[in-house]
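Participant: Hey, dropping data28.txt in here, compact mmCIF, C-alpha atoms:
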# COMPACT_ATOMS: atom_id res chain seq x y z
CA MET A 1 -1.64 -21.40 -6.68
CA ASN A 2 -3.65 -18.17 -6.55
CA ALA A 3 -2.31 -14.63 -6.87
CA ILE A 4 -3.95 -11.55 -5.38
CA ILE A 5 -2.90 -8.19 -6.82
CA LEU A 6 -3.94 -5.13 -4.80
CA ALA A 7 -4.63 -2.36 -7.32
CA ALA A 8 -7.38 -0.26 -5.74
CA GLY A 9 -5.48 2.84 -4.60
CA VAL A 10 -5.72 6.37 -5.97
CA GLY A 11 -2.01 7.21 -6.03
CA LYS A 12 -2.40 10.79 -4.81
CA ARG A 13 1.31 11.18 -4.10
CA LEU A 14 2.11 10.75 -7.79
CA GLY A 15 0.33 14.00 -8.61
CA GLU A 16 -0.31 14.66 -12.30
CA ALA A 17 1.38 11.42 -13.35
CA ALA A 18 -1.61 9.43 -12.08
CA VAL A 19 -4.36 12.04 -12.15
CA ASP A 20 -6.32 10.16 -14.83
CA LYS A 21 -5.29 6.56 -14.24
CA PRO A 22 -4.64 4.00 -11.49
CA LYS A 23 -0.97 3.45 -10.65
CA CYS A 24 -1.09 -0.08 -12.02
CA LEU A 25 -1.72 1.34 -15.51
CA LEU A 26 1.44 3.42 -15.56
CA ARG A 27 3.49 2.35 -18.57
CA PHE A 28 7.20 1.62 -18.73
CA ASN A 29 8.73 0.70 -22.08
CA GLY A 30 5.24 0.40 -23.51
CA LYS A 31 3.81 -1.99 -20.92
CA SER A 32 1.73 -1.24 -17.86
CA LEU A 33 2.70 -2.46 -14.43
CA LEU A 34 -0.42 -4.62 -14.44
CA GLU A 35 0.41 -6.26 -17.76
CA ARG A 36 3.91 -7.03 -16.48
CA HIS A 37 2.50 -8.65 -13.33
CA ILE A 38 0.15 -10.84 -15.34
CA GLU A 39 2.84 -11.90 -17.81
CA VAL A 40 5.28 -12.84 -15.06
CA LEU A 41 2.66 -14.73 -13.03
CA GLN A 42 1.53 -16.66 -16.10
CA SER A 43 5.10 -17.51 -17.06
CA LEU A 44 5.59 -18.96 -13.57
CA GLY A 45 2.52 -21.16 -13.83
CA VAL A 46 0.11 -19.31 -11.55
CA ALA A 47 -3.33 -20.66 -12.41
CA GLU A 48 -5.60 -17.96 -10.99
CA ILE A 49 -5.11 -14.21 -10.70
CA HIS A 50 -7.43 -12.01 -8.65
CA ILE A 51 -7.13 -8.23 -9.03
CA VAL A 52 -8.65 -6.00 -6.36
CA THR A 53 -9.62 -2.72 -8.01
CA GLY A 54 -11.17 0.49 -6.77
CA TYR A 55 -10.14 3.79 -8.31
CA ARG A 56 -11.13 3.91 -12.00
CA THR A 57 -11.96 0.23 -12.06
CA GLU A 58 -13.55 0.48 -15.51
CA ASP A 59 -10.24 1.72 -16.93
CA ILE A 60 -8.55 -1.37 -15.52
CA LYS A 61 -11.20 -3.69 -16.96
CA LEU A 62 -10.84 -2.07 -20.38
CA HIS A 63 -7.07 -2.38 -20.17
CA LEU A 64 -7.34 -6.09 -19.33
CA GLU A 65 -9.25 -6.68 -22.56
CA GLY A 66 -6.08 -5.86 -24.49
CA ILE A 67 -3.82 -8.24 -22.56
CA ASN A 68 -3.12 -11.84 -23.53
CA ILE A 69 -4.48 -13.64 -20.48
CA THR A 70 -4.25 -17.42 -20.23
CA ALA A 71 -4.75 -17.75 -16.47
CA ARG A 72 -8.18 -17.60 -14.88
CA LEU A 73 -8.65 -13.95 -13.97
CA ARG A 74 -11.17 -12.28 -11.71
CA VAL A 75 -11.66 -8.62 -10.81
CA LEU A 76 -12.81 -7.86 -7.25
CA PHE A 77 -14.14 -4.33 -6.75
CA ASN A 78 -13.52 -2.40 -3.54
CA PRO A 79 -15.91 0.59 -3.48
CA ASP A 80 -14.23 1.93 -0.33
CA PHE A 81 -10.82 2.32 -1.96
CA THR A 82 -10.07 5.60 -0.18
CA GLU A 83 -9.91 3.75 3.14
CA GLY A 84 -7.02 1.65 4.40
CA SER A 85 -5.56 -1.10 2.24
CA ILE A 86 -6.90 -3.61 4.75
CA VAL A 87 -10.30 -3.10 3.08
CA SER A 88 -8.91 -4.12 -0.30
CA LEU A 89 -7.42 -7.32 1.05
CA TRP A 90 -10.65 -8.03 2.94
CA HIS A 91 -12.46 -8.01 -0.41
CA ALA A 92 -10.22 -10.94 -1.40
CA ARG A 93 -10.92 -12.88 1.80
CA GLN A 94 -12.67 -15.72 -0.01
CA VAL A 95 -9.58 -16.23 -2.17
CA LEU A 96 -7.51 -16.50 1.01
CA LYS A 97 -9.72 -19.40 2.11
CA THR A 98 -9.11 -21.52 -1.01
CA ASP A 99 -6.81 -24.51 -1.32
CA GLY A 100 -3.27 -23.93 -2.48
CA ASP A 101 -0.67 -21.33 -1.68
CA ILE A 102 -1.42 -17.62 -2.06
CA ILE A 103 0.81 -15.00 -3.65
CA LEU A 104 -0.08 -11.50 -2.43
CA MET A 105 1.27 -8.53 -4.39
CA ASP A 106 1.15 -4.76 -4.34
CA ALA A 107 0.39 -3.55 -7.88
CA ASP A 108 2.66 -0.51 -7.83
CA VAL A 109 6.01 -2.32 -8.07
CA LEU A 110 8.33 -2.62 -11.08
CA TYR A 111 10.73 -5.50 -10.58
CA ASP A 112 13.12 -8.05 -11.99
CA PRO A 113 10.97 -11.16 -12.65
CA ARG A 114 13.56 -13.29 -10.85
CA ILE A 115 12.26 -11.78 -7.60
CA LEU A 116 8.83 -13.30 -8.10
CA SER A 117 10.38 -16.51 -9.41
CA LYS A 118 12.26 -16.98 -6.13
CA LEU A 119 9.01 -16.61 -4.22
CA ILE A 120 6.93 -18.92 -6.42
CA ARG A 121 9.43 -21.60 -7.40
CA GLY A 122 11.25 -21.76 -4.09
CA ASP A 123 10.42 -23.98 -1.15
CA ALA A 124 9.79 -21.19 1.38
CA THR A 125 6.23 -20.86 2.63
CA ASN A 126 4.71 -17.97 4.57
CA ALA A 127 7.56 -15.98 3.11
CA PHE A 128 8.42 -12.30 2.96
CA LEU A 129 10.93 -10.77 0.53
CA LEU A 130 13.72 -8.74 2.13
CA ASP A 131 16.12 -6.30 0.47
CA ARG A 132 19.09 -5.27 2.61
CA ASP A 133 20.06 -2.49 0.19
CA TYR A 134 17.56 0.25 0.99
CA GLU A 135 17.40 3.88 2.10
CA PRO A 136 16.37 4.16 5.78
CA GLY A 137 13.51 6.49 6.63
CA VAL A 138 9.84 6.52 7.51
CA GLU A 139 8.62 5.38 4.08
CA PRO A 140 10.00 1.82 3.69
CA VAL A 141 8.13 -1.05 5.31
CA LYS A 142 10.91 -2.77 7.22
CA LEU A 143 11.63 -6.37 8.14
CA CYS A 144 13.74 -7.14 11.21
CA VAL A 145 15.56 -10.44 11.71
CA SER A 146 17.14 -11.87 14.86
CA ASN A 147 18.92 -15.25 14.91
CA GLY A 148 17.55 -15.99 11.46
CA ARG A 149 13.95 -15.38 12.52
CA LEU A 150 11.63 -12.53 11.57
CA ILE A 151 10.72 -10.50 14.64
CA ASP A 152 9.01 -7.40 13.24
CA PHE A 153 7.42 -5.96 10.11
CA ARG A 154 6.27 -2.35 9.81
CA LYS A 155 7.32 1.17 8.83
CA GLU A 156 8.14 2.39 12.32
CA ILE A 157 10.26 -0.04 14.32
CA ASP A 158 10.59 0.30 18.09
CA LYS A 159 13.93 2.02 18.75
CA ASP A 160 14.68 -0.48 21.53
CA LEU A 161 14.15 -3.55 19.34
CA GLN A 162 17.30 -5.67 19.08
CA PHE A 163 17.92 -7.32 15.70
CA ASP A 164 20.77 -8.70 13.61
CA LEU A 165 19.46 -7.70 10.20
CA GLN A 166 17.05 -5.16 8.79
CA GLY A 167 15.79 -4.73 5.26
CA GLU A 168 12.91 -3.40 3.23
CA SER A 169 9.90 -5.53 2.38
CA VAL A 170 9.26 -5.73 -1.35
CA GLY A 171 5.49 -5.98 -0.92
CA PHE A 172 5.14 -9.53 -2.25
CA PHE A 173 4.25 -12.47 0.03
CA ARG A 174 3.56 -16.18 -0.15
CA PHE A 175 1.21 -17.83 2.32
CA SER A 176 0.27 -21.45 2.94
CA PRO A 177 -3.46 -22.30 2.84
CA GLU A 178 -3.53 -22.53 6.64
CA VAL A 179 -1.96 -19.12 7.25
CA ALA A 180 -3.94 -17.52 4.42
CA SER A 181 -7.17 -18.77 5.98
CA ARG A 182 -6.09 -17.41 9.34
CA LEU A 183 -5.31 -14.09 7.67
CA ALA A 184 -8.83 -14.01 6.22
CA GLY A 185 -10.30 -14.54 9.67
CA ARG A 186 -8.12 -11.85 11.18
CA LEU A 187 -9.08 -9.39 8.44
CA GLN A 188 -12.74 -10.02 9.26
CA SER A 189 -12.08 -9.42 12.95
CA TRP A 190 -10.38 -6.10 12.25
CA MET A 191 -13.22 -5.01 9.97
CA ASP A 192 -15.81 -6.02 12.57
CA ASN A 193 -13.98 -3.79 15.05
CA ASP A 194 -14.02 -0.87 12.60
CA ARG A 195 -10.27 -0.87 12.01
CA ARG A 196 -10.75 0.04 8.37
CA ASP A 197 -8.11 2.73 8.04
CA GLU A 198 -5.15 0.44 8.66
CA PRO A 199 -2.66 -0.84 6.08
CA TYR A 200 -3.04 -4.56 5.44
CA GLU A 201 0.56 -5.07 6.55
CA GLU A 202 -0.50 -4.50 10.16
CA VAL A 203 -2.78 -7.54 10.06
CA ILE A 204 0.03 -9.69 8.67
CA ARG A 205 2.33 -8.29 11.36
CA GLU A 206 -0.09 -9.40 14.05
CA LEU A 207 0.08 -12.98 12.76
CA LEU A 208 3.86 -12.80 12.51
CA LEU A 209 4.28 -11.65 16.12
CA GLU A 210 1.94 -14.38 17.35
CA SER A 211 3.84 -17.22 15.66
CA PRO A 212 7.17 -16.03 14.20
CA ASP A 213 8.43 -19.58 13.68
CA GLU A 214 5.77 -20.11 11.02
CA PHE A 215 7.21 -17.37 8.82
CA SER A 216 10.35 -17.05 6.74
CA TYR A 217 12.04 -14.59 4.43
CA LEU A 218 13.95 -14.66 1.17
CA ASP A 219 16.84 -12.25 0.70
CA ILE A 220 16.56 -10.69 -2.76
CA THR A 221 19.32 -8.11 -2.25
CA GLY A 222 20.97 -7.32 -5.58
CA LEU A 223 17.86 -7.84 -7.70
CA THR A 224 16.33 -4.64 -9.04
CA TRP A 225 12.91 -3.39 -7.99
CA ILE A 226 11.19 -0.10 -7.24
CA GLU A 227 7.87 0.85 -5.68
CA ILE A 228 6.15 3.65 -7.59
CA ASP A 229 4.90 6.13 -4.99
CA PHE A 230 6.23 9.55 -6.02
CA PRO A 231 6.91 11.35 -9.34
CA GLU A 232 10.65 10.87 -8.86
CA ASP A 233 10.06 7.11 -8.65
CA ILE A 234 8.75 7.15 -12.22
CA GLU A 235 11.90 8.83 -13.50
CA ARG A 236 14.08 6.49 -11.48
CA ALA A 237 12.19 3.48 -12.84
CA LYS A 238 12.76 4.67 -16.39
CA ARG A 239 16.47 4.98 -15.72
CA LEU A 240 16.58 1.51 -14.20
CA LEU A 241 14.83 0.05 -17.23
CA GLN A 242 17.27 1.74 -19.57
CA LYS A 243 20.20 0.42 -17.57
CA HIS A 244 19.06 -3.10 -16.76
CA SER A 245 16.35 -4.18 -19.20
CA SER A 246 18.46 -6.68 -21.13
CA GLY A 247 20.44 -8.12 -18.24
CA LEU A 248 17.73 -8.32 -15.61
CA GLY A 249 14.65 -9.06 -17.63
CA LEU A 250 12.94 -5.82 -16.65
CA GLY A 251 11.96 -5.32 -20.25
CA LEU A 252 9.54 -8.24 -20.00
Could you spell out this file's structure in structure tokens?
Facilitator:
Amino acid sequence: MNAIILAAGVGKRLGEAAVDKPKCLLRFNGKSLLERHIEVLQSLGVAEIHIVTGYRTEDIKLHLEGINITARLRVLFNPDFTEGSIVSLWHARQVLKTDGDIILMDADVLYDPRILSKLIRGDATNAFLLDRDYEPGVEPVKLCVSNGRLIDFRKEIDKDLQFDLQGESVGFFRFSPEVASRLAGRLQSWMDNDRRDEPYEEVIRELLLESPDEFSYLDITGLTWIEIDFPEDIERAKRLLQKHSSGLGLGL
């Protein structure tokens, strides 16, 4: 199994908190987000980890030298990191074409390790993670379910769409080799058509809408996680760690 961690972004919305470092190097209880990702992935038996960097890539490489890494690790540099996140995932397209399942992760998430365990150790393939307990608005990337089947995946859902269940996507995915290879091809097509400013989620959405029966979701409602996008997210994450570190494993 291969993991791809997208860690190229600048993190402008964090302001001074990330003015001199990538978001993945933000520390909580003495450990960076990136170190936490690597430790959890290794503990779950992931053999290869690929990190797509961009902003301050040398800082990330230096940071990696101080981490106990037992998995095979590779850094993929995206020089166009100010463009859409589709470009970052495109730089990992060769990884998507390899044998074995793919775990795709956003780097700016602090989470209970049991969330990733459900994705990696479970039987679901081509799986999204869905949290029903979220604050509606324009920011969350939403998943919509009808009759137990995923029918949409994006920030702005058509107001006329009929669904039974809606939740927020955690930003972690698991793809079979076949779907991952198809995703690589679709990424190339979008890049060839100069659709470089799009979020990578839109490419995944296109595959989902074409063949929804191939995809599944895991409900992780009740397990703690937070995406670090704004300064208030950092303070909230610190409070969550203080509250849940022993019981939920967030102190890993």
Participant: Looking at A:Glu227, A:Asp80, A:Asp219, A:Glu201, which one is nearest to Gly54 in chain A, with distances taken over all atoms listed in the file?
Facilitator: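 Answer, going by the shortest atom-to-atom distance: A:Asp80.
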Participant: Which residue out of A:Met1, A:Leu64, A:Leu187, A:Gly9 has the minimum interatomic distance to Ile103 in chain A when all atoms listed in the file are used?
Facilitator: A:Met1
Participant: What are the nearest atom pairs, with distances in Å to one decimal, for all residues of range 114-170 of chain A that come at most 10 Å from range 38-45 of chain A, using all atoms listed in the file, set out by chain and rising residue number as a tab-separated table?
Facilitator:
residue	atom	partner	partner_atom	distance
A:Arg114	CA	A:Val40	CA	9.3
A:Leu116	CA	A:Val40	CA	7.8
A:Ser117	CA	A:Leu44	CA	6.8
A:Ile120	CA	A:Leu44	CA	7.3
A:Arg121	CA	A:Leu44	CA	7.7
Participant: Using only C-alpha atoms, determine which residues lie at most 9 Å from range 203-215 of chain A, disregarding the query and same-chain residues fewer than 2 positions distant; provide the list as a list in words.
Facilitator: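 Here the qualifying residues turn out to be Ile86, Ala124, Thr125, Asn126, Ala127, Phe128, Arg149, Leu150, Ile151, Asp152, Phe153, Arg154, Phe175, Val179, Arg182, Leu183, Arg186, Leu187, Trp190, Glu198, Pro199, Tyr200, Glu201 and Tyr217 of chain A.
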Participant: Those residues you just picked out, can you put them in a file as a PDB file, keeping the file's coordinate frame with C-alpha atoms?
Facilitator:
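This is the output file part13.pdb:
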ATOM      1  CA  ILE A  86      -6.900  -3.610   4.750  1.00  0.00           C
ATOM      2  CA  ALA A 124       9.790 -21.190   1.380  1.00  0.00           C
ATOM      3  CA  THR A 125       6.230 -20.860   2.630  1.00  0.00           C
ATOM      4  CA  ASN A 126       4.710 -17.970   4.570  1.00  0.00           C
ATOM      5  CA  ALA A 127       7.560 -15.980   3.110  1.00  0.00           C
ATOM      6  CA  PHE A 128       8.420 -12.300   2.960  1.00  0.00           C
ATOM      7  CA  ARG A 149      13.950 -15.380  12.520  1.00  0.00           C
ATOM      8  CA  LEU A 150      11.630 -12.530  11.570  1.00  0.00           C
ATOM      9  CA  ILE A 151      10.720 -10.500  14.640  1.00  0.00           C
ATOM     10  CA  ASP A 152       9.010  -7.400  13.240  1.00  0.00           C
ATOM     11  CA  PHE A 153       7.420  -5.960  10.110  1.00  0.00           C
ATOM     12  CA  ARG A 154       6.270  -2.350   9.810  1.00  0.00           C
ATOM     13  CA  PHE A 175       1.210 -17.830   2.320  1.00  0.00           C
ATOM     14  CA  VAL A 179      -1.960 -19.120   7.250  1.00  0.00           C
ATOM     15  CA  ARG A 182      -6.090 -17.410   9.340  1.00  0.00           C
ATOM     16  CA  LEU A 183      -5.310 -14.090   7.670  1.00  0.00           C
ATOM     17  CA  ARG A 186      -8.120 -11.850  11.180  1.00  0.00           C
ATOM     18  CA  LEU A 187      -9.080  -9.390   8.440  1.00  0.00           C
ATOM     19  CA  TRP A 190     -10.380  -6.100  12.250  1.00  0.00           C
ATOM     20  CA  GLU A 198      -5.150   0.440   8.660  1.00  0.00           C
ATOM     21  CA  PRO A 199      -2.660  -0.840   6.080  1.00  0.00           C
ATOM     22  CA  TYR A 200      -3.040  -4.560   5.440  1.00  0.00           C
ATOM     23  CA  GLU A 201       0.560  -5.070   6.550  1.00  0.00           C
ATOM     24  CA  TYR A 217      12.040 -14.590   4.430  1.00  0.00           C
TER      25      TYR A 217
END
Participant: May I ask which of the residues A:Leu33, A:Ile102, A:Ala107, A:Val52 is the closest one to Gly171 in chain A, counting all atoms listed in the file?
Facilitator: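 The shortest atom-to-atom distance to Gly171 in chain A comes from A:Ala107.
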Participant: I'd like the interatomic distance between CA of Asp108 in chain A and CA of Arg195 in chain A, to a tenth of an Å.
Facilitator: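 According to the coordinates, CA of Asp108 in chain A and CA of Arg195 in chain A are separated by 23.7 Å.
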Participant: Interatomic distance between CA of Val87 in chain A and CA of Asp112 in chain A?
Facilitator: 28.3 Å
Participant: With all atoms listed in the file as the counted atoms, please give the residues lying no more than 12 Å from Gly66 in chain A, apart from itself and same-chain residues fewer than 6 positions off, as a ChimeraX atom specification.
Facilitator: /A:31-32,34-35,59-60
Participant: Missing atoms in range 211-243 of chain A need filling: write out N, CA and C atoms for it as a JSON list (two decimals), in the frame of the given file.
Facilitator:
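Output (part-v1.json):
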[["chain", "number", "residue", "atom", "x", "y", "z"],
["A", 211, "SER", "N", 3.17, -15.93, 15.95],
["A", 211, "SER", "CA", 3.84, -17.22, 15.66],
["A", 211, "SER", "C", 4.98, -17.01, 14.67],
["A", 212, "PRO", "N", 6.06, -16.35, 15.11],
["A", 212, "PRO", "CA", 7.17, -16.03, 14.20],
["A", 212, "PRO", "C", 7.82, -17.25, 13.57],
["A", 213, "ASP", "N", 7.78, -18.39, 14.23],
["A", 213, "ASP", "CA", 8.43, -19.58, 13.68],
["A", 213, "ASP", "C", 7.72, -20.12, 12.44],
["A", 214, "GLU", "N", 6.50, -19.68, 12.21],
["A", 214, "GLU", "CA", 5.77, -20.11, 11.02],
["A", 214, "GLU", "C", 6.21, -19.37, 9.77],
["A", 215, "PHE", "N", 6.90, -18.24, 9.95],
["A", 215, "PHE", "CA", 7.21, -17.37, 8.82],
["A", 215, "PHE", "C", 8.69, -17.42, 8.47],
["A", 216, "SER", "N", 8.97, -17.05, 7.23],
["A", 216, "SER", "CA", 10.35, -17.05, 6.74],
["A", 216, "SER", "C", 10.55, -15.84, 5.83],
["A", 217, "TYR", "N", 11.77, -15.67, 5.38],
["A", 217, "TYR", "CA", 12.04, -14.59, 4.43],
["A", 217, "TYR", "C", 13.05, -15.06, 3.41],
["A", 218, "LEU", "N", 12.98, -14.43, 2.23],
["A", 218, "LEU", "CA", 13.95, -14.66, 1.17],
["A", 218, "LEU", "C", 14.70, -13.37, 0.93],
["A", 219, "ASP", "N", 16.00, -13.43, 0.92],
["A", 219, "ASP", "CA", 16.84, -12.25, 0.70],
["A", 219, "ASP", "C", 17.02, -12.05, -0.79],
["A", 220, "ILE", "N", 16.47, -10.95, -1.32],
["A", 220, "ILE", "CA", 16.56, -10.69, -2.76],
["A", 220, "ILE", "C", 17.52, -9.53, -3.05],
["A", 221, "THR", "N", 18.36, -9.20, -2.09],
["A", 221, "THR", "CA", 19.32, -8.11, -2.25],
["A", 221, "THR", "C", 20.13, -8.32, -3.53],
["A", 222, "GLY", "N", 20.23, -7.25, -4.32],
["A", 222, "GLY", "CA", 20.97, -7.32, -5.58],
["A", 222, "GLY", "C", 20.07, -7.42, -6.80],
["A", 223, "LEU", "N", 18.82, -7.80, -6.60],
["A", 223, "LEU", "CA", 17.86, -7.84, -7.70],
["A", 223, "LEU", "C", 17.09, -6.51, -7.71],
["A", 224, "THR", "N", 16.88, -5.99, -8.90],
["A", 224, "THR", "CA", 16.33, -4.64, -9.04],
["A", 224, "THR", "C", 14.81, -4.61, -8.89],
["A", 225, "TRP", "N", 14.34, -3.64, -8.12],
["A", 225, "TRP", "CA", 12.91, -3.39, -7.99],
["A", 225, "TRP", "C", 12.71, -1.97, -7.50],
["A", 226, "ILE", "N", 11.52, -1.44, -7.73],
["A", 226, "ILE", "CA", 11.19, -0.10, -7.24],
["A", 226, "ILE", "C", 9.68, 0.01, -7.06],
["A", 227, "GLU", "N", 9.28, 0.56, -5.93],
["A", 227, "GLU", "CA", 7.87, 0.85, -5.68],
["A", 227, "GLU", "C", 7.57, 2.25, -6.20],
["A", 228, "ILE", "N", 6.49, 2.38, -6.96],
["A", 228, "ILE", "CA", 6.15, 3.65, -7.59],
["A", 228, "ILE", "C", 5.18, 4.42, -6.70],
["A", 229, "ASP", "N", 5.72, 5.34, -5.91],
["A", 229, "ASP", "CA", 4.90, 6.13, -4.99],
["A", 229, "ASP", "C", 4.91, 7.62, -5.31],
["A", 230, "PHE", "N", 6.04, 8.12, -5.80],
["A", 230, "PHE", "CA", 6.23, 9.55, -6.02],
["A", 230, "PHE", "C", 6.67, 9.81, -7.46],
["A", 231, "PRO", "N", 6.50, 11.05, -7.96],
["A", 231, "PRO", "CA", 6.91, 11.35, -9.34],
["A", 231, "PRO", "C", 8.36, 10.99, -9.62],
["A", 232, "GLU", "N", 9.24, 11.20, -8.64],
["A", 232, "GLU", "CA", 10.65, 10.87, -8.86],
["A", 232, "GLU", "C", 10.87, 9.37, -9.02],
["A", 233, "ASP", "N", 9.95, 8.56, -8.48],
["A", 233, "ASP", "CA", 10.06, 7.11, -8.65],
["A", 233, "ASP", "C", 9.86, 6.72, -10.11],
["A", 234, "ILE", "N", 8.98, 7.44, -10.80],
["A", 234, "ILE", "CA", 8.75, 7.15, -12.22],
["A", 234, "ILE", "C", 10.02, 7.39, -13.02],
["A", 235, "GLU", "N", 10.66, 8.52, -12.77],
["A", 235, "GLU", "CA", 11.90, 8.83, -13.50],
["A", 235, "GLU", "C", 13.00, 7.84, -13.15],
["A", 236, "ARG", "N", 13.07, 7.46, -11.89],
["A", 236, "ARG", "CA", 14.08, 6.49, -11.48],
["A", 236, "ARG", "C", 13.82, 5.14, -12.14],
["A", 237, "ALA", "N", 12.54, 4.75, -12.21],
["A", 237, "ALA", "CA", 12.19, 3.48, -12.84],
["A", 237, "ALA", "C", 12.57, 3.47, -14.31],
["A", 238, "LYS", "N", 12.38, 4.58, -14.98],
["A", 238, "LYS", "CA", 12.76, 4.67, -16.39],
["A", 238, "LYS", "C", 14.26, 4.51, -16.56],
["A", 239, "ARG", "N", 15.01, 5.11, -15.65],
["A", 239, "ARG", "CA", 16.47, 4.98, -15.72],
["A", 239, "ARG", "C", 16.90, 3.54, -15.46],
["A", 240, "LEU", "N", 16.25, 2.90, -14.50],
["A", 240, "LEU", "CA", 16.58, 1.51, -14.20],
["A", 240, "LEU", "C", 16.28, 0.60, -15.38],
["A", 241, "LEU", "N", 15.17, 0.85, -16.06],
["A", 241, "LEU", "CA", 14.83, 0.05, -17.23],
["A", 241, "LEU", "C", 15.87, 0.22, -18.32],
["A", 242, "GLN", "N", 16.27, 1.46, -18.53],
["A", 242, "GLN", "CA", 17.27, 1.74, -19.57],
["A", 242, "GLN", "C", 18.59, 1.05, -19.26],
["A", 243, "LYS", "N", 18.91, 0.97, -17.99],
["A", 243, "LYS", "CA", 20.20, 0.42, -17.57],
["A", 243, "LYS", "C", 20.19, -1.10, -17.51]]
